[in-house]
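The structure appears right after this line, and notes come after that.
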Amino acid sequence: MNRPGRLSVVDEIFLRTHRGLGTPIALQGLWRTADRIDPDLLRRVHAALRTGPLGRRVVRPRVPGARRAWQANTSAHPLVLADRPLPAAALFEWADAQGADLDPEFGPGWRLSATALDDGGSLVSLTCSHALADGRALVLAIDDAMGGRSLAAGPDRARTDAHAKLDPGSQPYAVGPESDWADARRQWSTVLRGTAKALRGGIPERPHPQTGREPVRTTGGPTHSAVLQCAAADWDRTAAAHQGTANSLFIALVANTLWATGFPNDTIDASLPVDTRDEPRVDNDLAMTDITVDRTDTPATIREKSRAAYEHRMSSPGGMPEELLQVIPDRWAYALSKGAGERDILCSNIGAIPATLRTLGPHRCLGVAARAIHPGLTAAHLPRTRLSGYLCRLADDYVLSLVSLDPDRVESGSALATFARKTLELPVRVW
């Protein structure tokens with residue numbers, strides 16, 4: 001269990017990807033409004049984010065074996081407000097660029113930005129390093145900044161807790177010799193006991209070794225994106241007709257979209273993040289599990305596979321205690337955990353968007369999407385994952401965000417949207 005103020009094993013994995021050990025990942029929320037966004041509103045939100053749960057950075061421990069810690073950081077990238085209308089067709093090119101220069105250690109790890117669109121509306125983006133938060137946490141952070149109560153147990157607790165949690169002088173986030181020594185003793189004790197137990201039982205082989213990818217021939221960008229919005233009533237009706245759930249239909253759609261692109265295998269391994277929060281909080285509070293989907297699977301059979309998989313989460317490498325990854329050098333930790341959570345597809349169900357975020361102040365949101373982007377990723381360093389899908393519920397709609405990491409089979413965002421529409425067989429609106 002991660003103690004307050006210290007990085008979890010998952011946090012550290014994403015910190016290593018920021019340093020170039022793995023696939024770079026940033027989380028992004030996108031709000032598409034019907035009219036031009038009020039700049040003063042965004043300035044107030046920007047100020048609230050600076051002192052909210054995302055306003056922190058990683059600091060190194062002073063004692064070997066102690067975990068890195070969080071410290072308050074109110075510095076921020078300037079609010080970006082682009083007044084010149086952007087063609088809606090270039091929406092994702094602009095959005096992808098908002099992941100640059102995010103630094104969870106030495107600089108701001110998040111960015112708020114907005115641009116006018118040529119359809120008369122606006123696009124607002126909140127992007128943060130995955131070391132700071134997972135997808136659900138990003139939604140909670142912006143809800144908090146907009147005055148929501150997702151993080152609150154009482155009418156005034158959300159803002160108060162966020163400030164107290166990030167005050168470097170407060171006890172949970174104090175970083176000093178005593179706390180580092182105590183944490184190092186706990187870490188080494190856990191690692192030594194767990195390693196001895198693993199060695200006595202014999203170290204099992206790690207399942208699902210990472211599969212190598214064929215050479216990438218593309219000369220363009222390595223990722224392409226699409227967002228599709230569907231009436232929740234249509235989505236749920238289709239899921240029920242196949243004896244599935246909204247989530248199992250989501251997994252089936254992502255898998256079938258990958259096959260529609262020409263993926264040759266008869267089976268697809270799907271990575272499924274699991275939200276492990278026992279209360280709302282802004283961090284990386286997730287575990288991973290996986291299933292294998294074959295061409296005969298339906299939302300009903302995927303529902304059963306997923307239900308069983310959620311009872312058996314992915315574990316640390318070789319049966320060793322996961323804390324081992326926090327006491328050894330980064331490159332060793334990366335070598336031990338490399339590709340452990342990667343499968344052919346990723347299906348991340350973000351869940352319901354709080355009612356607070358269905359509008360931005362007086363501005364009605366036509367859609368809200370949550371997804372991951374990969375700043376700095378090159379075609380030479382693509383992960384095993386070919387297609388990532390992210391699903392959220394916004395009032396009476398589901399919003400499906402897709403990110404392709406298979407540039408040889410998906411040449412553009414519009415091509416990805418076409419593959420998805422053929423698979424969905426539902427009335428959708430493409431962003």
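FYI, nothing fancy with the structure tokens labels: chains A, B, ... in order, residues from 1 per chain, ligands from 1 as they appear.
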DSSP on the backbone: which residues in segment 276-414 of chain A end up as strand (DSSP E)? Give the answer as a PyMOL selection string. chain A and resi 286-294+345-352+359-360+363-373+387-394+397-404
Ser388 of chain A: which residues within 7 Å, counting only C-alpha atoms, same-chain residues fewer than 2 positions away excluded, as a list in words? Ile345, Leu346, Cys347, Arg386, Tyr390, Leu402, Val403 and Ser404 of chain A
Would you give me, as a tab-separated table, each residue of segment 337-392 of chain A having an atom within 12 Å of an atom of segment 21-25 of chain A, along with its shortest atom pair and that distance in Å to one decimal, using only C-alpha atoms and sorting by chain and residue number?
residue	atom	partner	partner_atom	distance
A:Ser337	CA	A:Gly22	CA	9.9
A:Lys338	CA	A:Gly22	CA	7.3
A:Gly339	CA	A:Gly22	CA	8.1
A:Ala340	CA	A:Gly22	CA	10.9
A:Gly341	CA	A:Gly22	CA	11.3
A:Glu342	CA	A:Thr23	CA	10.1
A:Arg371	CA	A:Ile25	CA	10.1
A:Ala372	CA	A:Ile25	CA	6.4
A:Ile373	CA	A:Ile25	CA	5.8
A:His374	CA	A:Ile25	CA	4.8
A:Pro375	CA	A:Pro24	CA	6.2
A:Gly376	CA	A:Pro24	CA	6.9
A:Leu377	CA	A:Pro24	CA	6.5
A:Thr378	CA	A:Thr23	CA	9.5
A:Ala379	CA	A:Thr23	CA	11.2
A:Ala380	CA	A:Thr23	CA	11.2
A:His381	CA	A:Thr23	CA	7.6
A:Leu382	CA	A:Thr23	CA	7.3
A:Pro383	CA	A:Thr23	CA	6.5
A:Arg384	CA	A:Thr23	CA	9.9
A:Thr385	CA	A:Thr23	CA	10.1
A:Ser388	CA	A:Ile25	CA	12.0
Between A:His242, A:Arg136, A:Arg60, A:Arg6, which one has atoms that come closest to Ala352 of chain A, using only C-alpha atoms? A:Arg136
Can you pull out the residues contacting segment 62-69 of chain A? Cut-off 7 Å, using only C-alpha atoms, and skip same-chain residues under 3 positions away; I want them as a PDB file with C-alpha atoms, in the first residue's frame.
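The result, written out as part_10.pdb:
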ATOM      1  CA  GLY A   5       3.065  11.514   0.196  1.00  0.00           C
ATOM      2  CA  ARG A   6       5.068   8.670  -1.360  1.00  0.00           C
ATOM      3  CA  LEU A   7       4.979   7.424  -4.939  1.00  0.00           C
ATOM      4  CA  VAL A  58       8.409  14.411  -7.474  1.00  0.00           C
ATOM      5  CA  VAL A  59      11.354  14.859  -5.101  1.00  0.00           C
ATOM      6  CA  PRO A 177      15.725  12.381   7.137  1.00  0.00           C
ATOM      7  CA  ASP A 180      13.072   8.776   4.647  1.00  0.00           C
ATOM      8  CA  TRP A 181      14.833   6.435   7.088  1.00  0.00           C
ATOM      9  CA  ASP A 183      10.281   4.504   4.753  1.00  0.00           C
ATOM     10  CA  ALA A 184      13.563   2.870   3.692  1.00  0.00           C
ATOM     11  CA  GLN A 187      10.705  -0.931   1.972  1.00  0.00           C
ATOM     12  CA  TRP A 188      13.790  -3.062   2.533  1.00  0.00           C
ATOM     13  CA  GLN A 326      11.301   0.896  -6.090  1.00  0.00           C
ATOM     14  CA  VAL A 327      14.593   0.016  -4.393  1.00  0.00           C
TER      15      VAL A 327
END
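With atom CA of Pro264 of chain A on one side and atom CA of Asp344 of chain A on the other, the separation reads 11.6 Å.
Using only C-alpha atoms, the protein and nucleic acid residues lying no more than 8 Å from Val368 of chain A, apart from those fewer than 3 places from it along its own chain, are Gly29, Leu30, Trp31, Arg32, Arg358, Cys365, Leu394 and Val399 of chain A.
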